[in-house]
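What follows is the content of query_16.txt (compact mmCIF, C-alpha atoms (C1' of nucleotides)).
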# COMPACT_ATOMS: atom_id res chain seq x y z
CA MET D 1 -19.36 -28.98 -2.97
CA THR D 2 -18.19 -26.13 -0.81
CA PRO D 3 -14.44 -26.43 -0.36
CA THR D 4 -13.95 -23.41 1.94
CA TYR D 5 -10.79 -24.53 3.70
CA ASP D 6 -9.95 -22.66 6.85
CA PRO D 7 -9.00 -19.03 6.27
CA PHE D 8 -5.27 -19.64 6.61
CA THR D 9 -4.85 -22.56 4.22
CA HIS D 10 -7.27 -21.66 1.46
CA PRO D 11 -5.22 -21.33 -1.76
CA ALA D 12 -6.73 -17.95 -2.55
CA SER D 13 -5.82 -16.69 0.91
CA ARG D 14 -2.27 -17.88 0.53
CA VAL D 15 -1.93 -16.03 -2.75
CA ALA D 16 -3.43 -12.90 -1.18
CA LEU D 17 -0.95 -12.96 1.69
CA GLU D 18 1.96 -13.46 -0.71
CA VAL D 19 0.70 -10.55 -2.80
CA PHE D 20 0.69 -8.31 0.26
CA ARG D 21 4.23 -9.36 1.16
CA LEU D 22 5.65 -9.03 -2.35
CA ASN D 23 3.93 -5.69 -2.80
CA GLY D 24 5.64 -4.39 0.30
CA ALA D 25 8.98 -5.85 -0.74
CA LEU D 26 8.73 -4.37 -4.24
CA ILE D 27 7.91 -0.92 -2.93
CA ALA D 28 10.76 -1.05 -0.43
CA ALA D 29 13.21 -2.25 -3.07
CA GLY D 30 12.01 0.33 -5.56
CA ASP D 31 12.28 3.16 -3.07
CA ALA D 32 15.86 2.18 -2.28
CA LEU D 33 16.70 1.75 -5.94
CA VAL D 34 15.57 5.14 -7.22
CA ALA D 35 16.11 7.28 -4.14
CA PRO D 36 19.47 8.53 -5.52
CA LEU D 37 17.51 9.98 -8.47
CA GLY D 38 15.18 11.92 -6.18
CA LEU D 39 12.39 9.49 -6.98
CA THR D 40 10.16 7.15 -4.99
CA SER D 41 8.36 4.00 -6.08
CA ALA D 42 5.13 5.93 -6.59
CA ARG D 43 6.73 8.72 -8.61
CA TRP D 44 8.65 6.19 -10.66
CA GLN D 45 5.48 4.28 -11.46
CA VAL D 46 3.62 7.42 -12.47
CA LEU D 47 6.59 8.49 -14.58
CA GLY D 48 6.43 5.10 -16.26
CA ALA D 49 2.72 5.38 -16.96
CA ILE D 50 3.26 8.81 -18.51
CA ALA D 51 6.11 7.48 -20.63
CA GLU D 52 4.03 4.51 -21.72
CA ALA D 53 1.14 6.79 -22.67
CA GLY D 54 3.47 8.89 -24.80
CA GLY D 55 2.36 12.11 -23.16
CA GLY D 56 -1.09 11.98 -24.68
CA LEU D 57 -3.17 11.53 -21.53
CA PRO D 58 -4.44 13.79 -18.75
CA THR D 59 -4.08 12.88 -15.08
CA ALA D 60 -7.37 11.00 -14.87
CA GLY D 61 -6.45 8.84 -17.85
CA ILE D 62 -3.11 7.93 -16.32
CA ALA D 63 -4.88 7.01 -13.11
CA ARG D 64 -7.24 4.73 -15.00
CA ASN D 65 -4.33 2.99 -16.69
CA MET D 66 -2.68 2.44 -13.32
CA GLY D 67 -5.81 1.28 -11.52
CA LEU D 68 -5.58 4.15 -9.03
CA THR D 69 -7.79 7.12 -8.24
CA ARG D 70 -7.13 10.33 -10.11
CA GLN D 71 -6.66 12.17 -6.82
CA SER D 72 -3.70 9.98 -5.82
CA VAL D 73 -2.07 10.36 -9.20
CA GLN D 74 -2.78 14.08 -9.27
CA ARG D 75 -0.77 14.62 -6.11
CA VAL D 76 2.20 12.69 -7.46
CA VAL D 77 1.97 14.48 -10.81
CA ASP D 78 2.06 17.80 -8.96
CA ASP D 79 5.21 16.64 -7.17
CA LEU D 80 6.79 15.61 -10.46
CA SER D 81 5.80 18.93 -11.97
CA ALA D 82 7.46 20.77 -9.09
CA MET D 83 10.60 18.75 -9.84
CA ASP D 84 10.36 19.71 -13.54
CA PHE D 85 10.05 16.05 -14.49
CA VAL D 86 6.70 16.59 -16.20
CA ARG D 87 4.92 19.52 -17.84
CA PHE D 88 1.34 20.18 -18.95
CA ALA D 89 0.46 20.55 -22.60
CA PRO D 90 -2.83 21.99 -23.86
CA ASN D 91 -5.46 19.37 -24.62
CA PRO D 92 -7.32 19.96 -27.89
CA HIS D 93 -10.28 17.99 -26.53
CA HIS D 94 -10.61 19.54 -23.08
CA LYS D 95 -9.79 22.98 -21.78
CA ARG D 96 -9.02 22.09 -18.15
CA ALA D 97 -7.67 18.54 -18.55
CA LYS D 98 -4.12 19.28 -19.71
CA LEU D 99 -2.00 16.50 -21.16
CA VAL D 100 0.81 15.32 -18.90
CA GLN D 101 4.14 14.96 -20.69
CA LEU D 102 7.67 14.14 -19.67
CA THR D 103 10.25 16.90 -19.77
CA PRO D 104 13.73 15.95 -20.98
CA GLU D 105 14.79 15.77 -17.32
CA GLY D 106 11.87 13.49 -16.59
CA ALA D 107 12.71 11.23 -19.50
CA MET D 108 16.33 11.08 -18.33
CA ALA D 109 15.27 10.22 -14.79
CA PHE D 110 12.95 7.47 -16.02
CA ALA D 111 15.68 6.04 -18.21
CA ALA D 112 18.07 6.08 -15.26
CA ALA D 113 15.50 4.35 -13.07
CA SER D 114 14.94 1.72 -15.74
CA ALA D 115 18.67 1.14 -15.88
CA CYS D 116 18.74 0.61 -12.10
CA TRP D 117 15.83 -1.79 -12.30
CA ALA D 118 17.09 -3.89 -15.22
CA PRO D 119 19.63 -5.98 -13.29
CA VAL D 120 17.13 -6.61 -10.52
CA ALA D 121 14.51 -7.72 -13.03
CA ASP D 122 17.07 -9.98 -14.68
CA ALA D 123 17.96 -11.50 -11.33
CA LEU D 124 14.30 -12.22 -10.68
CA ALA D 125 13.95 -13.76 -14.14
CA ALA D 126 17.04 -15.86 -13.43
CA ALA D 127 15.42 -17.18 -10.27
CA ILE D 128 12.06 -18.02 -11.79
CA SER D 129 12.12 -18.42 -15.60
CA SER D 130 10.31 -16.04 -17.87
CA PRO D 131 7.50 -18.39 -18.92
CA ALA D 132 6.65 -19.00 -15.27
CA LEU D 133 6.69 -15.26 -14.65
CA GLU D 134 4.38 -14.68 -17.61
CA ALA D 135 2.05 -17.37 -16.32
CA THR D 136 2.09 -15.79 -12.87
CA ALA D 137 1.29 -12.37 -14.32
CA GLY D 138 -1.63 -13.90 -16.16
CA VAL D 139 -3.00 -15.54 -13.03
CA LEU D 140 -2.70 -12.31 -11.08
CA ARG D 141 -4.50 -10.38 -13.80
CA ARG D 142 -7.33 -12.88 -13.88
CA LEU D 143 -7.59 -12.82 -10.11
CA ALA D 144 -7.94 -9.04 -10.16
CA GLU D 145 -10.64 -9.30 -12.82
CA THR D 146 -12.55 -11.99 -10.94
CA LEU D 147 -12.28 -10.04 -7.72
CA ALA D 148 -13.67 -6.94 -9.40
CA GLN D 149 -16.62 -8.93 -10.74
CA GLN D 150 -17.21 -10.41 -7.30
CA THR D 151 -17.31 -7.11 -5.48
CA GLU D 152 -19.40 -5.58 -8.22
CA ALA D 153 -21.87 -8.44 -7.75
CA ARG D 154 -21.92 -7.82 -3.99
CA HIS D 155 -22.70 -4.17 -4.58
CA ALA D 156 -25.58 -5.19 -6.79
CA LEU D 157 -26.93 -7.51 -4.10
CA ALA D 158 -26.65 -4.76 -1.50
CA GLY D 159 -29.65 -3.13 -3.08
CA TRP D 160 -27.80 -0.74 -5.27
CA THR D 161 -28.74 -1.30 -8.85
CA THR D 162 -32.45 -1.71 -8.17
CA ASP D 163 -32.59 1.99 -7.44
CA PRO D 164 -32.27 4.27 -10.46
CA ARG D 165 -30.75 7.72 -9.94
CA ALA D 166 -29.00 6.37 -6.82
CA HIS D 167 -25.53 7.19 -8.09
CA PRO D 168 -23.72 10.17 -6.54
CA THR D 169 -22.79 11.21 -10.10
CA GLU D 170 -19.10 10.32 -9.70
CA ASP D 171 -16.35 8.20 -8.23
CA THR D 172 -18.25 5.19 -7.10
CA PRO D 173 -16.37 2.24 -8.56
CA MET V 1 23.73 -12.93 -22.14
CA THR V 2 21.90 -9.92 -20.90
CA PRO V 3 18.23 -10.22 -21.80
CA THR V 4 17.04 -6.92 -20.26
CA TYR V 5 13.94 -6.33 -22.34
CA ASP V 6 12.56 -2.85 -22.29
CA PRO V 7 11.14 -1.84 -18.93
CA PHE V 8 7.52 -2.36 -19.92
CA THR V 9 7.73 -5.84 -21.39
CA HIS V 10 10.23 -7.51 -19.07
CA PRO V 11 8.44 -10.48 -17.48
CA ALA V 12 9.51 -9.42 -14.00
CA SER V 13 8.13 -5.93 -14.59
CA ARG V 14 4.83 -7.32 -15.77
CA VAL V 15 4.52 -9.42 -12.63
CA ALA V 16 5.41 -6.41 -10.50
CA LEU V 17 2.72 -4.26 -12.10
CA GLU V 18 0.15 -7.03 -11.68
CA VAL V 19 1.13 -7.35 -8.02
CA PHE V 20 0.55 -3.63 -7.51
CA ARG V 21 -2.84 -3.83 -9.16
CA LEU V 22 -3.99 -6.97 -7.34
CA ASN V 23 -2.74 -5.61 -4.04
CA GLY V 24 -4.92 -2.54 -4.50
CA ALA V 25 -7.89 -4.61 -5.59
CA LEU V 26 -7.56 -6.97 -2.62
CA ILE V 27 -7.37 -4.12 -0.13
CA ALA V 28 -10.38 -2.40 -1.67
CA ALA V 29 -12.37 -5.64 -1.70
CA GLY V 30 -11.34 -6.47 1.85
CA ASP V 31 -12.25 -3.02 3.12
CA ALA V 32 -15.70 -3.28 1.59
CA LEU V 33 -16.13 -6.83 2.85
CA VAL V 34 -15.41 -6.25 6.53
CA ALA V 35 -16.52 -2.64 6.91
CA PRO V 36 -19.89 -3.80 8.38
CA LEU V 37 -17.91 -5.43 11.20
CA GLY V 38 -16.11 -2.20 12.04
CA LEU V 39 -12.92 -3.59 10.50
CA THR V 40 -10.57 -2.58 7.71
CA SER V 41 -8.24 -4.72 5.63
CA ALA V 42 -5.29 -3.80 7.83
CA ARG V 43 -7.10 -4.54 11.09
CA TRP V 44 -8.45 -7.78 9.67
CA GLN V 45 -4.96 -8.89 8.66
CA VAL V 46 -3.50 -8.06 12.05
CA LEU V 47 -6.40 -9.85 13.72
CA GLY V 48 -5.61 -12.87 11.56
CA ALA V 49 -1.93 -12.80 12.45
CA ILE V 50 -2.82 -12.68 16.14
CA ALA V 51 -5.25 -15.57 15.72
CA GLU V 52 -2.67 -17.58 13.82
CA ALA V 53 -0.07 -16.96 16.51
CA GLY V 54 -2.48 -18.21 19.17
CA GLY V 55 -2.00 -15.13 21.30
CA GLY V 56 1.57 -16.03 22.19
CA LEU V 57 3.40 -13.14 20.52
CA PRO V 58 4.06 -9.48 21.31
CA THR V 59 3.53 -6.76 18.74
CA ALA V 60 7.01 -6.95 17.28
CA GLY V 61 6.70 -10.67 16.71
CA ILE V 62 3.40 -10.24 14.89
CA ALA V 63 4.99 -7.56 12.71
CA ARG V 64 7.81 -9.94 11.83
CA ASN V 65 5.34 -12.64 10.84
CA MET V 66 3.50 -10.17 8.62
CA GLY V 67 6.60 -8.66 7.05
CA LEU V 68 5.74 -5.18 8.36
CA THR V 69 7.42 -2.81 10.79
CA ARG V 70 6.51 -3.06 14.46
CA GLN V 71 5.46 0.60 14.44
CA SER V 72 2.77 0.02 11.80
CA VAL V 73 1.41 -3.01 13.58
CA GLN V 74 1.57 -1.26 16.94
CA ARG V 75 -0.77 1.46 15.74
CA VAL V 76 -3.30 -1.05 14.43
CA VAL V 77 -3.05 -3.14 17.59
CA ASP V 78 -3.78 -0.01 19.63
CA ASP V 79 -6.87 0.58 17.49
CA LEU V 80 -7.98 -3.01 18.00
CA SER V 81 -7.36 -2.67 21.71
CA ALA V 82 -9.51 0.45 21.83
CA MET V 83 -12.26 -1.58 20.14
CA ASP V 84 -11.84 -4.37 22.74
CA PHE V 85 -10.92 -6.83 20.00
CA VAL V 86 -7.54 -7.60 21.57
CA ARG V 87 -6.08 -7.46 25.06
CA PHE V 88 -2.56 -7.59 26.49
CA ALA V 89 -1.44 -10.52 28.61
CA PRO V 90 1.71 -10.47 30.76
CA ASN V 91 4.75 -11.94 29.05
CA PRO V 92 6.77 -14.26 31.27
CA HIS V 93 9.87 -13.55 29.16
CA HIS V 94 9.66 -9.77 28.89
CA LYS V 95 8.24 -7.17 31.24
CA ARG V 96 7.30 -4.50 28.68
CA ALA V 97 6.50 -6.66 25.65
CA LYS V 98 3.01 -7.85 26.54
CA LEU V 99 1.48 -10.72 24.60
CA VAL V 100 -1.32 -9.68 22.25
CA GLN V 101 -4.39 -11.92 22.48
CA LEU V 102 -7.85 -11.91 20.97
CA THR V 103 -10.78 -11.12 23.22
CA PRO V 104 -13.96 -13.12 22.66
CA GLU V 105 -15.30 -10.15 20.68
CA GLY V 106 -12.14 -10.12 18.57
CA ALA V 107 -12.39 -13.84 17.90
CA MET V 108 -16.04 -13.41 16.91
CA ALA V 109 -15.19 -10.54 14.57
CA PHE V 110 -12.40 -12.52 12.94
CA ALA V 111 -14.68 -15.50 12.49
CA ALA V 112 -17.30 -13.26 10.92
CA ALA V 113 -14.71 -11.74 8.60
CA SER V 114 -13.55 -15.20 7.59
CA ALA V 115 -17.12 -16.13 6.83
CA CYS V 116 -17.45 -13.06 4.58
CA TRP V 117 -14.21 -13.91 2.81
CA ALA V 118 -14.88 -17.61 2.23
CA PRO V 119 -17.27 -17.23 -0.72
CA VAL V 120 -14.96 -14.73 -2.38
CA ALA V 121 -11.99 -17.06 -1.94
CA ASP V 122 -14.03 -19.91 -3.38
CA ALA V 123 -15.00 -17.78 -6.36
CA LEU V 124 -11.33 -17.01 -6.98
CA ALA V 125 -10.46 -20.70 -6.69
CA ALA V 126 -13.26 -21.48 -9.12
CA ALA V 127 -11.76 -19.06 -11.62
CA ILE V 128 -8.19 -20.28 -11.36
CA SER V 129 -7.86 -23.81 -9.91
CA SER V 130 -6.23 -24.48 -6.61
CA PRO V 131 -3.02 -26.06 -7.93
CA ALA V 132 -2.41 -23.01 -10.12
CA LEU V 133 -3.05 -20.78 -7.12
CA GLU V 134 -0.60 -22.76 -5.02
CA ALA V 135 1.98 -22.52 -7.79
CA THR V 136 1.41 -18.77 -8.02
CA ALA V 137 1.82 -18.38 -4.27
CA GLY V 138 5.09 -20.28 -4.49
CA VAL V 139 6.39 -18.07 -7.29
CA LEU V 140 5.45 -14.93 -5.38
CA ARG V 141 7.19 -16.20 -2.26
CA ARG V 142 10.36 -17.00 -4.17
CA LEU V 143 10.27 -13.61 -5.86
CA ALA V 144 10.06 -11.89 -2.49
CA GLU V 145 13.00 -13.96 -1.24
CA THR V 146 15.11 -13.25 -4.31
CA LEU V 147 14.27 -9.57 -4.14
CA ALA V 148 15.34 -9.46 -0.50
CA GLN V 149 18.66 -11.10 -1.36
CA GLN V 150 19.16 -8.65 -4.23
CA THR V 151 18.62 -5.53 -2.14
CA GLU V 152 20.69 -6.97 0.66
CA ALA V 153 23.51 -7.49 -1.83
CA ARG V 154 23.14 -3.90 -3.02
CA HIS V 155 23.42 -2.67 0.54
CA ALA V 156 26.58 -4.67 0.92
CA LEU V 157 28.05 -3.10 -2.20
CA ALA V 158 27.16 0.35 -0.93
CA GLY V 159 29.98 -0.08 1.60
CA TRP V 160 27.90 -1.18 4.44
CA THR V 161 28.92 -4.62 5.64
CA THR V 162 32.66 -4.05 5.34
CA ASP V 163 32.36 -1.78 8.33
CA PRO V 164 31.83 -3.53 11.65
CA ARG V 165 29.85 -1.68 14.31
CA ALA V 166 28.28 0.36 11.49
CA HIS V 167 24.76 -0.65 12.40
CA PRO V 168 22.56 2.00 14.02
CA THR V 169 21.60 -0.63 16.61
CA GLU V 170 18.09 -1.07 15.25
CA ASP V 171 15.60 -1.22 12.43
CA THR V 172 17.83 -1.42 9.41
CA PRO V 173 16.43 -4.31 7.38
C1' DC N 1 -30.50 25.18 -27.78
C1' DT N 2 -30.99 23.38 -23.58
C1' DG N 3 -30.74 20.57 -19.65
C1' DA N 4 -29.23 16.02 -17.61
C1' DC N 5 -25.20 13.40 -17.05
C1' DA N 6 -20.25 12.18 -17.09
C1' DT N 7 -15.57 13.66 -16.73
C1' DT N 8 -11.95 16.35 -14.86
C1' DG N 9 -9.26 19.03 -11.63
C1' DA N 10 -8.86 20.90 -7.05
C1' DC N 11 -9.17 20.84 -2.12
C1' DA N 12 -9.85 18.71 2.51
C1' DG N 13 -9.55 14.86 5.51
C1' DC N 14 -8.63 9.80 6.67
C1' DT N 15 -5.96 5.30 6.88
C1' DA N 16 -1.91 2.69 6.63
C1' DA N 17 2.50 2.01 5.57
C1' DC N 18 7.28 3.94 6.27
C1' DT N 19 11.72 6.16 8.82
C1' DG N 20 13.95 8.17 12.82
C1' DT N 21 14.69 8.53 17.63
C1' DC N 22 14.47 7.61 22.51
C1' DA N 23 13.99 4.95 26.85
C1' DT N 24 13.55 0.53 28.69
C1' DA N 25 14.18 -4.44 29.00
C1' DT N 26 16.61 -8.80 28.00
C1' DC N 27 20.53 -11.50 26.70
C1' DG N 28 25.32 -12.79 26.28
C1' DA N 29 30.32 -12.23 26.68
C1' DC N 30 33.72 -11.27 29.70
C1' DG R 1 28.05 -8.92 38.07
C1' DT R 2 28.66 -5.56 34.74
C1' DC R 3 28.60 -3.78 30.19
C1' DG R 4 27.66 -3.83 25.17
C1' DA R 5 24.44 -5.58 21.75
C1' DT R 6 19.83 -6.60 20.69
C1' DA R 7 14.76 -6.31 21.16
C1' DT R 8 10.78 -3.84 22.33
C1' DG R 9 7.44 -0.12 22.96
C1' DA R 10 6.35 4.71 22.38
C1' DC R 11 6.20 9.02 19.99
C1' DA R 12 6.86 12.24 16.04
C1' DG R 13 6.95 13.06 11.21
C1' DT R 14 6.58 11.61 6.05
C1' DT R 15 4.60 9.36 1.94
C1' DA R 16 0.98 7.25 -0.62
C1' DG R 17 -3.15 5.43 -1.10
C1' DC R 18 -8.31 6.28 -0.22
C1' DT R 19 -13.20 8.91 0.13
C1' DG R 20 -16.03 13.03 -0.18
C1' DT R 21 -17.14 17.25 -2.20
C1' DC R 22 -17.32 21.18 -5.39
C1' DA R 23 -16.92 23.88 -9.67
C1' DA R 24 -15.87 23.71 -14.41
C1' DT R 25 -15.93 21.39 -18.72
C1' DG R 26 -17.52 18.28 -22.23
C1' DT R 27 -21.23 15.15 -24.30
C1' DC R 28 -25.51 13.89 -25.82
C1' DA R 29 -30.70 13.26 -26.04
C1' DG R 30 -34.64 15.87 -26.79

Conversion result in structure tokens:
Amino acid sequence: MTPTYDPFTHPASRVALEVFRLNGALIAAGDALVAPLGLTSARWQVLGAIAEAGGGLPTAGIARNMGLTRQSVQRVVDDLSAMDFVRFAPNPHHKRAKLVQLTPEGAMAFAAASACWAPVADALAAAISSPALEATAGVLRRLAETLAQQTEARHALAGWTTDPRAHPTEDTP
Amino acid sequence: MTPTYDPFTHPASRVALEVFRLNGALIAAGDALVAPLGLTSARWQVLGAIAEAGGGLPTAGIARNMGLTRQSVQRVVDDLSAMDFVRFAPNPHHKRAKLVQLTPEGAMAFAAASACWAPVADALAAAISSPALEATAGVLRRLAETLAQQTEARHALAGWTTDPRAHPTEDTP
DNA sequence: CTGACATTGACAGCTAACTGTCATATCGAC
DNA sequence: GTCGATATGACAGTTAGCTGTCAATGTCAG
């Protein structure tokens, strides 16, 4: 019982290739959509994560929520700060890790971006049906989870957990 | 009849965010998987596109098949050429656009990468069921198509098609 | 209180996508 | 056959992810 179709026709491979394509298409569409606002897809996404967090998280927390590294998010946050779309508020729990919050300009820009996106999202929902979209989102989430478990297991097999004190103290997910 | 949920809960937005996440997870997993072979996710994908094309396409054709720009693919193909994983065969139809073909080493590397990927793909299929994966792939493909139509329509509205001879002669997809 | 460990920000460097531009090659209309 | 449109490769520059590393901060066991 080892299905293992050839690499091109395996269902998981087909999904992976479609994910790559749609990811590229979404980024391209997003860039075009919010360029008039001085935004990019990446900045828009970070802005959204900050908005969703309600301004109560530092950079590293936002990165965790987005599934990215804190370094990547930090660079974008610095850009947004230079544009006066975000500001840093003191964090009662940590002296260096300031809380990232939207400025009024940032909130306006995010609202404008959302307004640009809404008709596109509705068009996509018109083409697919919301229940099917929800189901798809669920499948994608479970695939990401399973994939994480898989690679974690591979790391374990690669002689990595058998050694205590082997961890470089940080950033080895 | 304008659903337009808020930006975070709209079904299309949720799918988009899951696509971003899974895309990142797949690239990370792929990089780790094929690193021992001297490959990366990008090189592996290009290698696969060349294998699938049977060595009968130039760089630009491979890029079209992958949904990327020819410049991106060109750089990776040059890397693969430097590693002796691909070679350039004369193209009977075009003097400059050589056909990109796998060398025996390249074919071996791709086969090895496929062998590394197979158990992961099977694990994903075990977690989700192949019919559901096929359905998901279909939804993703249709989303990409719809998105392309949408952005194309936006370009048209931006006063772009009403003008003949407006095209900069190249690369304006 | 102290020392090990985890978290965070900051900086440097790498990879992989993108756009823009140019010269060259092919194709098609006339 | 020639000329405009298209396709291709090449090169330069930008953006957005990543890893690696370090110092500073916070947390917790002892």

Within-7 Å shell of (10.0, -7.4, 1.7) in input frame, only C-alpha atoms (C1' of nucleotides), as a PyMOL selection string:
(chain D and resi 21-22+24-26+28) or (chain V and resi 67+144+148)

Give me the residues of range 11-63 of chain D that have any atom at most 9 Å from an atom of range 137-143 of chain V; for each, the nearest atom pair and the distance in Å, rounded to one decimal. Use all atoms listed in the file, sort by chain and number, and format it as CSV.
residue,atom,partner,partner_atom,distance
D:Pro11,CA,V:Ala137,CA,8.0
D:Ala12,CA,V:Ala137,CA,8.7
D:Arg14,CA,V:Ala137,CA,6.3
D:Val15,CA,V:Ala137,CA,4.7
D:Ala16,CA,V:Ala137,CA,8.2
D:Leu17,CA,V:Ala137,CA,8.5
D:Glu18,CA,V:Leu140,CA,6.0
D:Val19,CA,V:Leu140,CA,7.0
D:Arg21,CA,V:Arg141,CA,8.2
D:Leu22,CA,V:Leu140,CA,6.6

Spatial neighbours of Asp6 in chain D, max dist 9 Å, only C-alpha atoms (C1' of nucleotides), sep filter under 4 positions, as an mmCIF file with C-alpha atoms, in the coordinates of the input:
data_model
loop_
_atom_site.group_PDB
_atom_site.id
_atom_site.type_symbol
_atom_site.label_atom_id
_atom_site.label_comp_id
_atom_site.auth_asym_id
_atom_site.auth_seq_id
_atom_site.Cartn_x
_atom_site.Cartn_y
_atom_site.Cartn_z
ATOM 1 C CA HIS D 10 -7.270 -21.660 1.460
ATOM 2 C CA SER V 114 -13.550 -15.200 7.590
ATOM 3 C CA ALA V 118 -14.880 -17.610 2.230
#

Identify all chain V residues at most 8 Å from chain N by counting all atoms listed in the file; ligands do not count. Present them as a compact mmCIF listing (two decimals) with C-alpha atoms, keeping the file's coordinate frame.
# COMPACT_ATOMS: atom_id res chain seq x y z
CA ALA V 42 -5.29 -3.80 7.83
CA SER V 72 2.77 0.02 11.80
CA HIS V 94 9.66 -9.77 28.89
CA LYS V 95 8.24 -7.17 31.24
CA ARG V 96 7.30 -4.50 28.68

Chain V contacts on chain R, only C-alpha atoms (C1' of nucleotides), 12 Å, as a PyMOL selection string
chain R and resi 4-12+17-19

Applying 8 Å and only C-alpha atoms (C1' of nucleotides), which residues near Phe88 in chain V remain after dropping the ones on its own chain fewer than 4 positions away? List them as a PyMOL selection string.
chain V and resi 98-101

Write a file of the just-selected residues containing C-alpha atoms, as a CSV table (one decimal), in the frame of the given file.
chain,number,residue,atom,x,y,z
V,98,LYS,CA,3.0,-7.8,26.5
V,99,LEU,CA,1.5,-10.7,24.6
V,100,VAL,CA,-1.3,-9.7,22.2
V,101,GLN,CA,-4.4,-11.9,22.5

Residue nearest chain D among V:Leu57, V:Ala109, V:Thr103, V:Gly30 (counting all atoms listed in the file)
V:Gly30

Mind pulling up the distance from CA of Gln149 in chain D to CA of Pro36 in chain V?
20.1 Å

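The coordinates place CA of Phe20 in chain D at 13.4 Å from CA of Thr136 in chain V.
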
With distances taken over only C-alpha atoms, which of D:Ala63, D:Ala82, D:Met108, D:Leu68 is nearest to chain V?
D:Leu68

Give me, please, the distance in Å between CA of Ala112 in chain V and CA of Thr151 in chain D, quoted to one decimal.
17.5 Å

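Of the residues under consideration (D:Leu133, D:Thr146, D:Asn65, D:His93), D:His93 shows the shortest atom-to-atom contact distance to DG26 in chain R when counting only C-alpha atoms (C1' of nucleotides).
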
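By chain and then residue number, the residues within 10 Å of Asp84 in chain D are Asp78, Asp79, Leu102, Thr103, Pro104, Glu105 and Gly106 of chain D, counting only C-alpha atoms (C1' of nucleotides) and disregarding those fewer than 5 positions away in sequence.
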
Enclosing box along x, y and z for every listed atom of range 10-25 of chain R, padded 3 Å each side, centre and size in Å, one decimal, as AutoDock Vina command-line options:
--center_x -5.2 --center_y 14.3 --center_z 1.8 --size_x 30.3 --size_y 25.2 --size_z 47.1

All heavy atoms are what I want for range 65-69 of chain D; can you complete it accordingly and write them as a PDB file, in the frame of the given file?
ATOM      1  N   ASN D  65      -5.289   3.991 -16.226  1.00  0.00           N
ATOM      2  CA  ASN D  65      -4.330   2.990 -16.690  1.00  0.00           C
ATOM      3  C   ASN D  65      -3.634   2.291 -15.521  1.00  0.00           C
ATOM      4  O   ASN D  65      -3.285   1.121 -15.616  1.00  0.00           O
ATOM      5  CB  ASN D  65      -3.268   3.647 -17.576  1.00  0.00           C
ATOM      6  CG  ASN D  65      -3.772   3.892 -18.983  1.00  0.00           C
ATOM      7  OD1 ASN D  65      -4.880   3.482 -19.333  1.00  0.00           O
ATOM      8  ND2 ASN D  65      -2.978   4.561 -19.787  1.00  0.00           N
ATOM      9  N   MET D  66      -3.409   3.012 -14.443  1.00  0.00           N
ATOM     10  CA  MET D  66      -2.680   2.440 -13.320  1.00  0.00           C
ATOM     11  C   MET D  66      -3.597   1.725 -12.337  1.00  0.00           C
ATOM     12  O   MET D  66      -3.119   1.072 -11.407  1.00  0.00           O
ATOM     13  CB  MET D  66      -1.896   3.520 -12.571  1.00  0.00           C
ATOM     14  CG  MET D  66      -0.858   4.226 -13.431  1.00  0.00           C
ATOM     15  SD  MET D  66       0.061   5.457 -12.485  1.00  0.00           S
ATOM     16  CE  MET D  66       1.012   4.406 -11.369  1.00  0.00           C
ATOM     17  N   GLY D  67      -4.893   1.885 -12.484  1.00  0.00           N
ATOM     18  CA  GLY D  67      -5.810   1.280 -11.520  1.00  0.00           C
ATOM     19  C   GLY D  67      -5.850   2.024 -10.206  1.00  0.00           C
ATOM     20  O   GLY D  67      -6.161   1.450  -9.168  1.00  0.00           O
ATOM     21  N   LEU D  68      -5.540   3.322 -10.243  1.00  0.00           N
ATOM     22  CA  LEU D  68      -5.580   4.150  -9.030  1.00  0.00           C
ATOM     23  C   LEU D  68      -6.626   5.246  -9.198  1.00  0.00           C
ATOM     24  O   LEU D  68      -7.199   5.413 -10.272  1.00  0.00           O
ATOM     25  CB  LEU D  68      -4.218   4.787  -8.765  1.00  0.00           C
ATOM     26  CG  LEU D  68      -3.035   3.846  -8.589  1.00  0.00           C
ATOM     27  CD1 LEU D  68      -1.750   4.639  -8.368  1.00  0.00           C
ATOM     28  CD2 LEU D  68      -3.274   2.890  -7.444  1.00  0.00           C
ATOM     29  N   THR D  69      -6.865   5.989  -8.135  1.00  0.00           N
ATOM     30  CA  THR D  69      -7.790   7.120  -8.240  1.00  0.00           C
ATOM     31  C   THR D  69      -7.057   8.311  -8.842  1.00  0.00           C
ATOM     32  O   THR D  69      -5.839   8.446  -8.713  1.00  0.00           O
ATOM     33  CB  THR D  69      -8.331   7.519  -6.864  1.00  0.00           C
ATOM     34  OG1 THR D  69      -7.249   7.916  -6.045  1.00  0.00           O
ATOM     35  CG2 THR D  69      -9.074   6.372  -6.226  1.00  0.00           C
TER      36      THR D  69
END
